[in-house]
file my_file_19.txt (compact mmCIF, C-alpha atoms and all ligand atoms)
# COMPACT_ATOMS: atom_id res chain seq x y z
CA MET G 222 15.38 7.62 -14.78
CA ASN G 223 11.94 8.90 -15.62
CA GLU G 224 10.78 7.53 -18.98
CA LYS G 225 7.25 8.86 -18.79
CA LYS G 226 6.16 11.75 -20.96
CA THR G 227 5.04 14.89 -19.16
CA MET G 228 1.67 16.58 -19.43
CA LEU G 229 0.29 19.72 -17.93
CA SER G 230 -2.98 21.61 -17.88
CA GLY G 231 -4.84 24.15 -15.80
CA ILE G 232 -8.22 25.78 -15.40
CA LYS G 233 -8.89 29.31 -14.12
CA PRO G 234 -10.99 29.39 -10.96
CA SER G 235 -12.93 32.30 -12.41
CA GLY G 236 -16.27 30.53 -12.31
CA ASP G 237 -17.86 27.32 -11.11
CA LEU G 238 -16.79 24.29 -13.11
CA THR G 239 -19.53 23.14 -15.44
CA LEU G 240 -20.61 20.02 -17.24
CA GLY G 241 -18.65 21.50 -20.14
CA SER G 242 -15.48 21.63 -18.03
CA TYR G 243 -16.04 18.02 -17.07
CA LEU G 244 -16.91 16.50 -20.45
CA GLY G 245 -14.33 18.69 -22.15
CA PRO G 246 -11.01 18.51 -20.34
CA LEU G 247 -11.58 17.06 -16.89
CA HIS G 248 -12.85 13.58 -17.58
CA HIS G 249 -9.91 12.84 -19.87
CA TRP G 250 -7.36 13.69 -17.24
CA PRO G 251 -7.71 10.73 -14.86
CA LYS G 252 -6.87 8.32 -17.69
CA MET G 253 -3.73 10.32 -18.37
CA ILE G 254 -2.25 10.12 -14.90
CA GLU G 255 -1.57 6.42 -15.39
CA GLU G 256 0.44 7.02 -18.51
CA TYR G 257 2.07 10.41 -18.09
CA ASP G 258 3.79 12.45 -15.47
CA CYS G 259 0.97 14.99 -14.98
CA TYR G 260 0.72 18.47 -13.52
CA PHE G 261 -2.71 20.04 -13.02
CA PHE G 262 -3.25 23.40 -11.46
CA MET G 263 -5.73 26.10 -10.51
CA ALA G 264 -4.76 29.13 -12.62
CA ASP G 265 -5.56 31.79 -10.03
CA LEU G 266 -2.95 34.23 -11.42
CA HIS G 267 -4.80 34.07 -14.72
CA ALA G 268 -8.19 34.48 -13.05
CA ILE G 269 -7.41 38.00 -11.84
CA THR G 270 -7.05 39.36 -15.38
CA VAL G 271 -10.79 39.84 -14.87
CA ARG G 272 -11.90 41.39 -11.57
CA GLN G 273 -12.71 38.69 -8.98
CA ASP G 274 -14.45 38.85 -5.67
CA PRO G 275 -11.70 37.75 -3.18
CA ALA G 276 -13.88 35.43 -1.10
CA ALA G 277 -15.37 33.82 -4.20
CA LEU G 278 -11.94 33.34 -5.77
CA ARG G 279 -10.65 31.61 -2.63
CA ARG G 280 -13.74 29.40 -2.40
CA ARG G 281 -13.60 28.41 -6.07
CA THR G 282 -9.87 27.65 -5.99
CA LEU G 283 -10.33 25.14 -3.17
CA GLU G 284 -13.53 23.81 -4.65
CA GLN G 285 -11.75 23.25 -7.96
CA LEU G 286 -8.99 21.33 -6.22
CA ALA G 287 -11.59 19.15 -4.48
CA GLN G 288 -13.34 18.63 -7.82
CA TYR G 289 -10.11 17.57 -9.52
CA ILE G 290 -9.63 14.92 -6.85
CA ALA G 291 -13.30 13.91 -6.94
CA CYS G 292 -13.07 13.45 -10.71
CA GLY G 293 -10.29 10.92 -10.21
CA LEU G 294 -7.06 12.89 -10.07
CA ASP G 295 -5.40 10.95 -7.30
CA PRO G 296 -2.92 13.36 -5.65
CA ASP G 297 -0.53 10.46 -5.08
CA LYS G 298 -0.33 9.84 -8.82
CA CYS G 299 -0.09 13.39 -10.18
CA THR G 300 0.89 16.86 -9.05
CA LEU G 301 -1.98 19.17 -8.10
CA PHE G 302 -1.16 22.73 -7.17
CA ILE G 303 -2.31 26.32 -6.97
CA GLN G 304 -0.53 28.50 -9.54
CA SER G 305 0.18 31.41 -7.18
CA HIS G 306 1.92 29.03 -4.74
CA VAL G 307 4.66 28.36 -7.27
CA ARG G 308 6.38 31.70 -7.67
CA GLN G 309 8.38 30.60 -10.69
CA HIS G 310 5.24 31.08 -12.81
CA ALA G 311 5.17 34.82 -12.24
CA GLU G 312 8.94 35.06 -12.63
CA LEU G 313 9.19 33.20 -15.92
CA GLY G 314 6.01 34.96 -17.05
CA TRP G 315 7.84 38.28 -16.79
CA VAL G 316 10.82 36.99 -18.70
CA LEU G 317 8.67 35.59 -21.48
CA ASN G 318 6.87 38.91 -21.76
CA CYS G 319 10.13 40.17 -23.12
CA TYR G 320 10.08 37.49 -25.81
CA ALA G 321 6.43 37.84 -26.82
CA MET G 322 5.75 40.48 -29.43
CA PHE G 323 3.16 43.22 -29.12
CA GLY G 324 1.82 42.28 -32.54
CA GLU G 325 1.33 38.61 -31.79
CA LEU G 326 -0.28 39.32 -28.43
CA SER G 327 -2.64 41.78 -30.16
CA ARG G 328 -3.82 39.06 -32.51
CA MET G 329 -5.04 36.71 -29.79
CA THR G 330 -8.77 36.19 -30.24
CA GLN G 331 -9.30 35.64 -26.52
CA PHE G 332 -7.77 39.05 -25.83
CA LYS G 333 -10.07 40.65 -28.35
CA ASP G 334 -13.14 38.88 -26.95
CA LYS G 335 -12.31 39.68 -23.37
CA SER G 336 -11.50 43.30 -24.13
CA ALA G 337 -14.90 43.63 -25.73
CA LYS G 338 -16.58 42.04 -22.71
CA ASN G 339 -14.58 44.01 -20.12
CA ALA G 340 -14.29 47.37 -21.85
CA ASP G 341 -13.83 49.14 -18.49
CA ASN G 342 -10.91 46.92 -17.44
CA ILE G 343 -8.61 46.18 -20.38
CA ASN G 344 -5.58 45.76 -18.15
CA GLY G 345 -2.01 44.79 -19.02
CA GLY G 346 -2.50 41.33 -17.54
CA LEU G 347 -5.30 40.59 -19.96
CA PHE G 348 -2.97 41.50 -22.78
CA THR G 349 0.05 39.52 -21.55
CA TYR G 350 -2.03 36.54 -20.38
CA PRO G 351 -0.46 34.28 -23.04
CA SER G 352 3.11 34.92 -21.83
CA LEU G 353 2.11 33.76 -18.36
CA MET G 354 0.43 30.74 -19.89
CA ALA G 355 3.61 30.04 -21.86
CA ALA G 356 5.52 30.17 -18.57
CA ASP G 357 3.04 27.75 -16.95
CA ILE G 358 3.71 25.33 -19.73
CA LEU G 359 7.43 25.73 -20.29
CA LEU G 360 8.47 25.50 -16.64
CA TYR G 361 7.61 21.80 -16.71
CA GLN G 362 8.88 20.95 -20.22
CA PRO G 363 5.72 18.98 -21.05
CA ASP G 364 5.31 16.90 -24.18
CA PHE G 365 1.56 17.57 -24.35
CA VAL G 366 -0.78 20.30 -23.22
CA PRO G 367 -4.42 19.23 -23.28
CA VAL G 368 -6.52 22.32 -23.90
CA GLY G 369 -9.87 23.28 -25.39
CA GLU G 370 -10.11 24.59 -28.91
CA ASP G 371 -10.23 28.17 -27.56
CA GLN G 372 -6.76 27.81 -26.03
CA LYS G 373 -5.04 26.37 -29.07
CA GLN G 374 -3.91 29.80 -30.24
CA HIS G 375 -2.17 30.37 -26.90
CA VAL G 376 -0.29 27.08 -27.20
CA GLU G 377 0.74 28.06 -30.71
CA LEU G 378 2.02 31.38 -29.40
CA THR G 379 3.94 29.43 -26.78
CA ARG G 380 5.58 27.46 -29.57
CA ASN G 381 6.57 30.71 -31.28
CA ILE G 382 8.08 32.00 -28.07
CA VAL G 383 10.03 28.76 -27.69
CA GLN G 384 11.39 29.01 -31.21
CA ARG G 385 12.40 32.63 -30.68
CA PHE G 386 14.00 31.94 -27.31
CA ASN G 387 15.77 28.74 -28.33
CA GLY G 388 16.92 30.49 -31.49
CA VAL G 389 18.91 32.91 -29.35
CA TYR G 390 20.00 30.72 -26.42
CA GLY G 391 20.04 27.14 -27.69
CA ASP G 392 17.69 24.32 -26.71
CA VAL G 393 16.35 25.62 -23.41
CA PHE G 394 12.66 24.76 -23.85
CA LYS G 395 10.94 21.74 -25.30
CA VAL G 396 8.38 22.59 -28.01
CA PRO G 397 4.95 21.66 -26.54
CA GLU G 398 2.15 20.07 -28.56
CA PRO G 399 -1.46 21.07 -27.98
CA TYR G 400 -3.65 18.03 -27.41
CA ILE G 401 -7.30 18.52 -28.22
CA PRO G 402 -9.59 15.59 -27.48
CA LYS G 403 -12.13 15.06 -30.25
CA VAL G 404 -15.43 13.92 -28.79
CA GLY G 405 -16.97 16.08 -26.14
CA ALA G 406 -14.27 18.66 -26.51
CA ARG G 407 -16.79 21.42 -26.80
CA ILE G 408 -20.07 21.43 -24.91
CA MET G 409 -22.33 24.31 -25.78
CA SER G 410 -24.81 26.30 -23.69
CA LEU G 411 -28.14 24.51 -23.29
CA THR G 412 -30.04 27.68 -24.11
CA ASN G 413 -27.70 29.03 -26.78
CA PRO G 414 -26.03 26.26 -28.75
CA ALA G 415 -23.95 28.84 -30.63
CA ALA G 416 -21.95 29.67 -27.47
CA LYS G 417 -19.70 27.48 -25.37
CA MET G 418 -21.07 26.43 -21.98
CA SER G 419 -19.13 28.93 -19.93
CA LYS G 420 -18.09 28.86 -16.31
CA SER G 421 -17.52 32.60 -16.15
CA GLU G 422 -20.80 33.80 -17.55
CA THR G 423 -22.97 34.47 -14.53
CA GLU G 424 -25.95 35.32 -16.68
CA ASP G 425 -25.61 32.15 -18.76
CA THR G 426 -28.81 30.32 -18.02
CA GLY G 427 -27.87 27.34 -20.14
CA ARG G 428 -25.26 25.76 -17.95
CA VAL G 429 -25.04 22.95 -15.45
CA THR G 430 -22.37 23.20 -12.78
CA LEU G 431 -20.67 20.24 -11.10
CA MET G 432 -22.27 21.25 -7.81
CA ASP G 433 -25.87 21.45 -9.12
CA ASP G 434 -28.25 19.06 -7.42
CA PRO G 435 -30.34 16.58 -9.45
CA GLY G 436 -33.43 18.81 -9.40
CA ALA G 437 -31.53 21.76 -10.84
CA ILE G 438 -29.90 19.58 -13.50
CA MET G 439 -33.21 18.08 -14.64
CA LYS G 440 -34.75 21.54 -14.84
CA GLN G 441 -31.92 22.72 -17.09
CA PHE G 442 -32.28 19.80 -19.45
CA LYS G 443 -36.05 20.03 -19.66
CA ARG G 444 -35.78 23.63 -20.82
CA ALA G 445 -32.81 22.99 -23.15
CA ILE G 446 -33.18 24.45 -26.63
CA THR G 447 -33.67 21.79 -29.27
CA ASP G 448 -34.43 23.24 -32.65
CA SER G 449 -37.23 24.93 -34.49
CA ASP G 450 -37.52 22.65 -37.49
CA THR G 451 -40.67 20.63 -37.92
CA GLU G 452 -38.96 17.28 -38.08
CA ARG G 453 -38.67 17.02 -34.29
CA CYS G 454 -36.61 13.88 -34.32
CA VAL G 455 -33.32 13.03 -32.65
CA ARG G 456 -30.83 13.16 -35.50
CA TYR G 457 -27.21 14.31 -35.46
CA ASP G 458 -26.99 17.37 -37.70
CA PRO G 459 -24.87 20.06 -36.03
CA ASP G 460 -25.38 22.60 -38.81
CA ASN G 461 -29.15 22.52 -38.89
CA LYS G 462 -29.92 21.14 -35.44
CA PRO G 463 -27.17 22.49 -33.17
CA GLY G 464 -29.22 22.21 -29.97
CA VAL G 465 -30.04 18.55 -30.57
CA ALA G 466 -26.47 17.85 -31.66
CA ASN G 467 -25.16 19.35 -28.42
CA LEU G 468 -27.51 17.20 -26.34
CA MET G 469 -26.44 14.17 -28.33
CA THR G 470 -22.78 14.97 -27.73
CA ILE G 471 -23.45 15.21 -24.02
CA TYR G 472 -25.42 11.95 -24.00
CA SER G 473 -22.83 10.19 -26.11
CA THR G 474 -19.91 11.30 -23.96
CA VAL G 475 -21.70 10.35 -20.76
CA THR G 476 -23.06 6.97 -21.86
CA GLY G 477 -20.45 5.94 -24.44
CA LYS G 478 -23.20 5.37 -27.04
CA THR G 479 -22.58 6.38 -30.64
CA TYR G 480 -24.74 8.94 -32.44
CA ALA G 481 -26.30 6.16 -34.52
CA GLU G 482 -27.22 4.23 -31.39
CA ILE G 483 -28.77 7.32 -29.87
CA GLU G 484 -30.79 8.03 -33.00
CA GLN G 485 -32.11 4.51 -32.86
CA GLU G 486 -32.85 4.64 -29.14
CA PHE G 487 -35.11 7.68 -29.57
CA ASP G 488 -36.45 6.84 -33.00
CA GLY G 489 -39.97 8.19 -33.41
CA GLN G 490 -40.09 9.62 -29.90
CA GLY G 491 -39.58 13.36 -30.39
CA TYR G 492 -37.75 15.43 -27.81
CA GLY G 493 -40.07 14.84 -24.87
CA LYS G 494 -38.33 11.63 -23.88
CA PHE G 495 -34.87 12.56 -25.09
CA LYS G 496 -34.25 15.68 -22.99
CA PRO G 497 -35.02 14.11 -19.58
CA ALA G 498 -33.04 11.01 -20.57
CA VAL G 499 -29.97 13.17 -21.16
CA GLY G 500 -30.68 14.96 -17.86
CA GLU G 501 -30.87 11.68 -15.95
CA ALA G 502 -27.65 10.39 -17.45
CA VAL G 503 -25.93 13.63 -16.43
CA VAL G 504 -27.38 13.47 -12.91
CA GLU G 505 -25.91 10.00 -12.45
CA ILE G 506 -22.49 10.89 -13.76
CA LEU G 507 -22.24 14.04 -11.64
CA ARG G 508 -23.72 12.65 -8.42
CA PRO G 509 -20.58 10.90 -7.10
CA ILE G 510 -18.43 13.86 -8.11
CA ARG G 511 -20.63 16.32 -6.22
CA GLU G 512 -20.82 14.13 -3.14
CA GLU G 513 -17.09 13.47 -3.05
CA THR G 514 -16.32 17.17 -3.58
CA GLN G 515 -18.53 18.07 -0.63
CA ARG G 516 -16.85 15.47 1.53
CA LEU G 517 -13.38 16.71 0.59
CA LEU G 518 -14.33 20.34 1.18
CA SER G 519 -15.25 19.51 4.75
CA ASP G 520 -11.74 18.15 5.26
CA LYS G 521 -9.72 21.36 4.98
CA SER G 522 -6.54 19.92 6.43
CA TYR G 523 -6.48 17.13 3.85
CA LEU G 524 -6.82 19.64 1.01
CA GLU G 525 -4.14 21.80 2.58
CA GLY G 526 -1.79 18.80 2.66
CA VAL G 527 -2.49 18.12 -1.01
CA TYR G 528 -1.86 21.63 -2.28
CA ARG G 529 1.23 22.12 -0.14
CA ALA G 530 2.83 18.90 -1.29
CA GLY G 531 1.81 19.74 -4.87
CA ALA G 532 3.40 23.19 -4.70
CA ASP G 533 6.63 21.71 -3.29
CA LYS G 534 6.86 19.18 -6.06
CA ALA G 535 5.94 21.66 -8.77
CA SER G 536 8.36 24.34 -7.61
CA HIS G 537 11.18 21.83 -7.49
CA ALA G 538 10.64 21.03 -11.17
CA ALA G 539 9.95 24.66 -12.09
CA GLU G 540 13.05 25.95 -10.37
CA LYS G 541 15.30 23.76 -12.49
CA THR G 542 13.98 25.36 -15.67
CA LEU G 543 13.98 28.87 -14.25
CA ARG G 544 17.63 28.64 -13.18
CA LYS G 545 18.64 27.49 -16.60
CA VAL G 546 16.74 30.38 -18.17
CA TYR G 547 18.24 32.98 -15.82
CA LYS G 548 21.70 31.70 -16.54
CA LYS G 549 21.19 31.73 -20.29
CA ILE G 550 19.88 35.29 -20.34
CA GLY G 551 22.79 36.54 -18.30
CA PHE G 552 21.41 37.07 -14.80
CA VAL G 553 24.03 36.80 -12.09
CA ALA G 554 23.50 33.61 -10.07
CA ARG G 555 22.74 34.14 -6.41
N1 LIG A 601 -5.85 29.72 -20.29
C1 LIG A 601 -6.48 28.49 -19.83
C2 LIG A 601 -7.99 28.69 -19.85
O1 LIG A 601 -8.48 29.78 -19.88
C3 LIG A 601 -6.02 28.14 -18.44
C4 LIG A 601 -4.55 27.96 -18.41
C5 LIG A 601 -3.64 28.79 -17.83
C6 LIG A 601 -3.82 26.87 -18.97
N2 LIG A 601 -2.41 28.31 -17.97
C7 LIG A 601 -2.46 27.14 -18.68
C8 LIG A 601 -4.16 25.72 -19.68
C9 LIG A 601 -1.44 26.29 -19.13
C10 LIG A 601 -3.16 24.85 -20.11
C11 LIG A 601 -1.81 25.15 -19.83
O2 LIG A 601 -8.72 27.71 -19.79

call {"tool": "encode", "arguments": {"input": "my_file_19.txt", "output": "structure tokens", "more": "lines below"}}
Ligand code: TRP
result
Amino acid sequence: MNEKKTMLSGIKPSGDLTLGSYLGPLHHWPKMIEEYDCYFFMADLHAITVRQDPAALRRRTLEQLAQYIACGLDPDKCTLFIQSHVRQHAELGWVLNCYAMFGELSRMTQFKDKSAKNADNINGGLFTYPSLMAADILLYQPDFVPVGEDQKQHVELTRNIVQRFNGVYGDVFKVPEPYIPKVGARIMSLTNPAAKMSKSETEDTGRVTLMDDPGAIMKQFKRAITDSDTERCVRYDPDNKPGVANLMTIYSTVTGKTYAEIEQEFDGQGYGKFKPAVGEAVVEILRPIREETQRLLSDKSYLEGVYRAGADKASHAAEKTLRKVYKKIGFVAR
């Protein structure tokens, strides 16, 4: 009898994982594998809603798997898999498309943003992205879905789909809760504190990736935007000093110090000392992750073993749900 609650989350391998990916979702996950039955995956099916270079997609998918492990997701304690390896995702995704309404899909802010950014490729997949995400979630009947603020709307849509579906067929799906960690949930670009530090934005100069070496990281922090007021002191004021607030969030998440402690540490010192101090703290936290990722990437057969076992485990769980769904809708059993 499995008493543990279930949790699931995924990241699209559409760009290199950044410090934002780490301090946002990733660093919370290893704590969760002790307590919950966890599924984590590389959302490659979702990645292709925007055109991807095939070699880069393959490289990033494996790199992301290695990074998950390097960040502390022990494959013996959780299920790590590649979304396209578990065919039930695409199958349930289709079914749920028929239970997601055109109107509600049209209201998704991510769809609107991405359509604006990819005006020459507003494909059907971009539009129905949330139904596939609902399938990712519902196949495993999780209690929680840890996501960033930007994905909350998709989890809410998933809940609507569940209510609609269960309303017709009875209690097939469990209603999932979004779980949004408070501190460090949202790391902003170092050069534009109004925008999230993005993994997809190739032209985003304000990001640090998990594979950046110490020199590159220090350079990014030294040129980080602070603010243009004349006060020039380290004080947490996200409305008026968003650049400084972002650096403080990073420093606080990495070192565990509170904002008050940070203000005191840099009292009367201006930004000249503060920015490299944040950089150094980040270098130290990312160093073991980068080194372990590189080591794992050189061991292809180990990674292969991990993602194969993960896909087997995931599809076993997913198949149970899918069968139930097919039966309820009236598909003839094979
Ligand atoms: N849409 C998520 C993102 O862009 C990735 C994702 C796909 C996901 N399927 C999911 C996250 C299911 C949580 C649960 O980051």

call {"tool": "axis_aligned_box", "arguments": {"input": "my_file_19.txt", "around": "ligand LIG 601 (chain A)", "padding_each_side": "6 Å", "output": "lines of an AutoDock Vina configuration file"}}
result
center_x = -5.1
center_y = 27.3
center_z = -19.1
size_x = 19.3
size_y = 16.9
size_z = 14.5

call {"tool": "atom_distance", "arguments": {"input": "my_file_19.txt", "atom1": "atom CA of G:Gly491", "atom2": "atom CA of G:Arg453"}}
result
5.4 Å

call {"tool": "atom_distance", "arguments": {"input": "my_file_19.txt", "atom1": "atom CA of G:Gln485", "atom2": "atom CA of G:Asn461"}}
result
19.2 Å

call {"tool": "closest_residue", "arguments": {"input": "my_file_19.txt", "among": "G:Tyr390, G:Phe323, G:Tyr400, G:Trp315", "to": "ligand LIG 601 (chain A)", "atoms": "only C-alpha atoms and all ligand atoms"}}
result
G:Tyr400

call {"tool": "residues_near_ligand", "arguments": {"input": "my_file_19.txt", "ligand": "ligand LIG 601 (chain A)", "cutoff": "9 Å", "atoms": "only C-alpha atoms and all ligand atoms", "output": "number ranges by chain"}}
result
G: 229-233, 261-268, 304, 331, 350-351, 353-359, 366-369, 371-372, 375-376, 399

call {"tool": "residues_around", "arguments": {"input": "my_file_19.txt", "residues": "stretch 439-452 of chain G", "least_positions_apart": "6", "cutoff": "7 Å", "atoms": "only C-alpha atoms", "output": "PyMOL selection string"}}
result
chain G and resi 411-412+427+462+464-465+496-497+500-501

call {"tool": "atom_distance", "arguments": {"input": "my_file_19.txt", "atom1": "atom CA of G:Gln362", "atom2": "atom CA of G:Pro251"}}
result
20.2 Å

call {"tool": "residues_around", "arguments": {"input": "my_file_19.txt", "residues": "stretch 533-548 of chain G", "least_positions_apart": "2", "cutoff": "12 Å", "atoms": "only C-alpha atoms", "output": "PyMOL selection string"}}
result
chain G and resi 227+229+258-262+296-297+299-317+356-363+383+386-387+389-395+526-531+550-555

call {"tool": "build_atoms", "arguments": {"input": "my_file_19.txt", "residues": "stretch 371-391 of chain G", "atoms": "N, CA, C and O atoms", "output": "tab-separated table (two decimals), in the coordinates of the input"}}
result
chain	number	residue	atom	x	y	z
G	371	ASP	N	-10.41	26.72	-27.76
G	371	ASP	CA	-10.23	28.17	-27.56
G	371	ASP	C	-8.83	28.53	-27.04
G	371	ASP	O	-8.44	29.69	-27.06
G	372	GLN	N	-8.09	27.52	-26.57
G	372	GLN	CA	-6.76	27.81	-26.03
G	372	GLN	C	-5.63	27.41	-26.98
G	372	GLN	O	-4.45	27.58	-26.68
G	373	LYS	N	-6.02	26.87	-28.12
G	373	LYS	CA	-5.04	26.37	-29.07
G	373	LYS	C	-4.11	27.50	-29.54
G	373	LYS	O	-2.90	27.32	-29.67
G	374	GLN	N	-4.70	28.65	-29.76
G	374	GLN	CA	-3.91	29.80	-30.24
G	374	GLN	C	-2.83	30.18	-29.22
G	374	GLN	O	-1.72	30.55	-29.59
G	375	HIS	N	-3.17	30.05	-27.93
G	375	HIS	CA	-2.17	30.37	-26.90
G	375	HIS	C	-1.03	29.35	-26.89
G	375	HIS	O	0.11	29.70	-26.63
G	376	VAL	N	-1.36	28.10	-27.16
G	376	VAL	CA	-0.29	27.08	-27.20
G	376	VAL	C	0.59	27.33	-28.43
G	376	VAL	O	1.81	27.16	-28.38
G	377	GLU	N	-0.06	27.75	-29.51
G	377	GLU	CA	0.74	28.06	-30.71
G	377	GLU	C	1.67	29.25	-30.46
G	377	GLU	O	2.83	29.24	-30.88
G	378	LEU	N	1.17	30.24	-29.75
G	378	LEU	CA	2.02	31.38	-29.40
G	378	LEU	C	3.19	30.91	-28.52
G	378	LEU	O	4.33	31.36	-28.68
G	379	THR	N	2.89	29.99	-27.62
G	379	THR	CA	3.94	29.43	-26.78
G	379	THR	C	5.03	28.79	-27.64
G	379	THR	O	6.23	28.98	-27.40
G	380	ARG	N	4.60	28.08	-28.66
G	380	ARG	CA	5.58	27.46	-29.57
G	380	ARG	C	6.43	28.52	-30.28
G	380	ARG	O	7.63	28.35	-30.43
G	381	ASN	N	5.80	29.61	-30.66
G	381	ASN	CA	6.57	30.71	-31.28
G	381	ASN	C	7.59	31.30	-30.32
G	381	ASN	O	8.72	31.59	-30.69
G	382	ILE	N	7.16	31.46	-29.07
G	382	ILE	CA	8.08	32.00	-28.07
G	382	ILE	C	9.27	31.05	-27.89
G	382	ILE	O	10.42	31.48	-27.83
G	383	VAL	N	8.97	29.76	-27.84
G	383	VAL	CA	10.03	28.76	-27.69
G	383	VAL	C	11.02	28.87	-28.85
G	383	VAL	O	12.24	28.90	-28.64
G	384	GLN	N	10.50	28.94	-30.06
G	384	GLN	CA	11.39	29.01	-31.21
G	384	GLN	C	12.26	30.26	-31.15
G	384	GLN	O	13.46	30.22	-31.43
G	385	ARG	N	11.65	31.38	-30.77
G	385	ARG	CA	12.40	32.63	-30.68
G	385	ARG	C	13.48	32.53	-29.60
G	385	ARG	O	14.63	32.88	-29.80
G	386	PHE	N	13.08	32.02	-28.44
G	386	PHE	CA	14.00	31.94	-27.31
G	386	PHE	C	15.13	30.95	-27.58
G	386	PHE	O	16.31	31.26	-27.43
G	387	ASN	N	14.75	29.75	-28.03
G	387	ASN	CA	15.77	28.74	-28.33
G	387	ASN	C	16.68	29.19	-29.46
G	387	ASN	O	17.86	28.83	-29.49
G	388	GLY	N	16.13	29.97	-30.38
G	388	GLY	CA	16.92	30.49	-31.49
G	388	GLY	C	18.08	31.33	-30.99
G	388	GLY	O	19.17	31.33	-31.57
G	389	VAL	N	17.86	32.05	-29.90
G	389	VAL	CA	18.91	32.91	-29.35
G	389	VAL	C	19.84	32.15	-28.40
G	389	VAL	O	21.05	32.31	-28.43
G	390	TYR	N	19.23	31.29	-27.53
G	390	TYR	CA	20.00	30.72	-26.42
G	390	TYR	C	20.29	29.22	-26.53
G	390	TYR	O	20.85	28.63	-25.61
G	391	GLY	N	19.86	28.60	-27.60
G	391	GLY	CA	20.04	27.14	-27.69
G	391	GLY	C	18.81	26.42	-27.17
G	391	GLY	O	17.81	27.06	-26.82
